[in-house]
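**Q** Structure in structure tokens, see below.
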Amino acid sequence: MIYKDRPLDFNKRFDIVGCFLQYNGKFVLLRRQAHKVNGDKWGLPAGKKEDGESIDQAVLREIKEETGLELLPSSVSYFSSLYVRDGSFDIEWHMFFANFQVEPKITINPNEHCEFRWVTSGEAKGMADLIHDLKESIELFHKA
């Protein structure tokens, strides 16, 4: 379950950051390796914030680790945070975006992902194998 406002009984376990990397009306989705958590699911470049990191530092690190793109802090913008209840634990989900004028060269980390795809929001929302609550995040981002 995903919430715009923090539920009263929300007990955050950790923070997750993710980024809409956009080019020419599309954004990047990465397919998780089958043996990983959320295996064979599509998601944004994303991951857990490490201890001592800000969410801004975490998103830049995750983008580099998962796509090979080394971005400047000024090229990534914060969009919104949501509150996610995933089974027995709660996560704060921080979304960012970056726009590119030239198609960036994506180099996926084969330990994490097996493929990537540039998709429109309509194409993504039609995919059955998205990571938990990503469809709602896409809808929120593309309404803005």
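Just so we're on the same page: first chain in the structure tokens is A, next is B, and so on; residues restart at 1 for each chain, and ligands are numbered from 1 in the order they show up.
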List as a list in words the protein and nucleic acid residues near stretch 26-43 of chain A, meaning an atom at most 8 Å away when only C-alpha atoms are counted, but skip any in the same chain fewer than 4 places from it.
**A**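 Non-adjacent residues within range: Phe20, Leu21, Gln22, Pro110, Asn111, Glu112, His113, Cys114, Glu115, Phe116, Arg117, Trp118, Val119, Thr120, Ser121, Asp129, Leu130, Ile131 and Leu134 of chain A.
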**Q** For the contact check between stretch 91-114 of chain A and stretch 57-79 of chain A, emit one row per residue of stretch 91-114 of chain A within 6 Å, containing the shortest atom pair and the distance in Å rounded to one decimal, counting only C-alpha atoms, chain then rising number order, as a Markdown table.
**A**
```
| residue | atom | partner | partner_atom | distance |
| --- | --- | --- | --- | --- |
| A:Met95 | CA | A:Phe79 | CA | 5.4 |
| A:Phe96 | CA | A:Tyr78 | CA | 4.3 |
| A:Phe97 | CA | A:Ser77 | CA | 5.4 |
| A:Ala98 | CA | A:Val76 | CA | 4.8 |
| A:Ile106 | CA | A:Thr67 | CA | 5.1 |
| A:Thr107 | CA | A:Thr67 | CA | 5.0 |
| A:Ile108 | CA | A:Thr67 | CA | 4.8 |
| A:Asn109 | CA | A:Glu66 | CA | 5.4 |
```
**Q** Among chain A, which residues carry a DSSP assignment of strand (DSSP E), reported as a PyMOL selection string?
**A** chain A and resi 2-3+12-23+26-32+42-43+46-48+77-86+89-100+113-119
**Q** At a cut-off of 8 Å, using only C-alpha atoms, what residues contact A:Lys4? Leave out same-chain residues fewer than 6 positions from it and give the result as a PDB file with all heavy atoms, in the first residue's frame.
**A**
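Contents of around_31.pdb, as written:
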```
ATOM      1  N   SER A  81       8.223  12.386  -1.998  1.00  0.00           N
ATOM      2  CA  SER A  81       8.394  11.196  -1.163  1.00  0.00           C
ATOM      3  C   SER A  81       7.021  10.608  -0.874  1.00  0.00           C
ATOM      4  O   SER A  81       6.032  11.335  -0.730  1.00  0.00           O
ATOM      5  CB  SER A  81       9.085  11.539   0.158  1.00  0.00           C
ATOM      6  OG  SER A  81      10.412  11.935  -0.067  1.00  0.00           O
ATOM      7  N   LEU A  82       6.984   9.290  -0.817  1.00  0.00           N
ATOM      8  CA  LEU A  82       5.762   8.562  -0.510  1.00  0.00           C
ATOM      9  C   LEU A  82       6.063   7.589   0.627  1.00  0.00           C
ATOM     10  O   LEU A  82       7.225   7.289   0.908  1.00  0.00           O
ATOM     11  CB  LEU A  82       5.272   7.782  -1.732  1.00  0.00           C
ATOM     12  CG  LEU A  82       4.890   8.620  -2.951  1.00  0.00           C
ATOM     13  CD1 LEU A  82       4.620   7.718  -4.146  1.00  0.00           C
ATOM     14  CD2 LEU A  82       3.679   9.487  -2.659  1.00  0.00           C
ATOM     15  N   TYR A  83       5.005   7.100   1.241  1.00  0.00           N
ATOM     16  CA  TYR A  83       5.128   6.166   2.346  1.00  0.00           C
ATOM     17  C   TYR A  83       4.552   4.827   1.887  1.00  0.00           C
ATOM     18  O   TYR A  83       3.410   4.763   1.429  1.00  0.00           O
ATOM     19  CB  TYR A  83       4.385   6.715   3.567  1.00  0.00           C
ATOM     20  CG  TYR A  83       4.933   8.059   3.950  1.00  0.00           C
ATOM     21  CD1 TYR A  83       4.350   9.226   3.468  1.00  0.00           C
ATOM     22  CD2 TYR A  83       6.074   8.162   4.729  1.00  0.00           C
ATOM     23  CE1 TYR A  83       4.884  10.469   3.785  1.00  0.00           C
ATOM     24  CE2 TYR A  83       6.608   9.401   5.045  1.00  0.00           C
ATOM     25  CZ  TYR A  83       6.008  10.549   4.564  1.00  0.00           C
ATOM     26  OH  TYR A  83       6.549  11.768   4.863  1.00  0.00           O
TER      27      TYR A  83
END
```
**Q** Name the residues of stretch 20-105 of chain A that come out as alpha helix (DSSP H) in a backbone DSSP run; write them as a PyMOL selection string.
**A** chain A and resi 55-67
**Q** Between atom CA of A:Lys125 and atom CA of A:Glu92, what is the distance, to one decimal in Å?
**A**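 The value is 21.7 Å.
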**Q** Calculate how many Å separate atom CA of A:Gly47 from atom CA of A:Ile16, rounding to one decimal.
**A**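 One can read the atom CA of A:Gly47 to atom CA of A:Ile16 distance as 5.3 Å.
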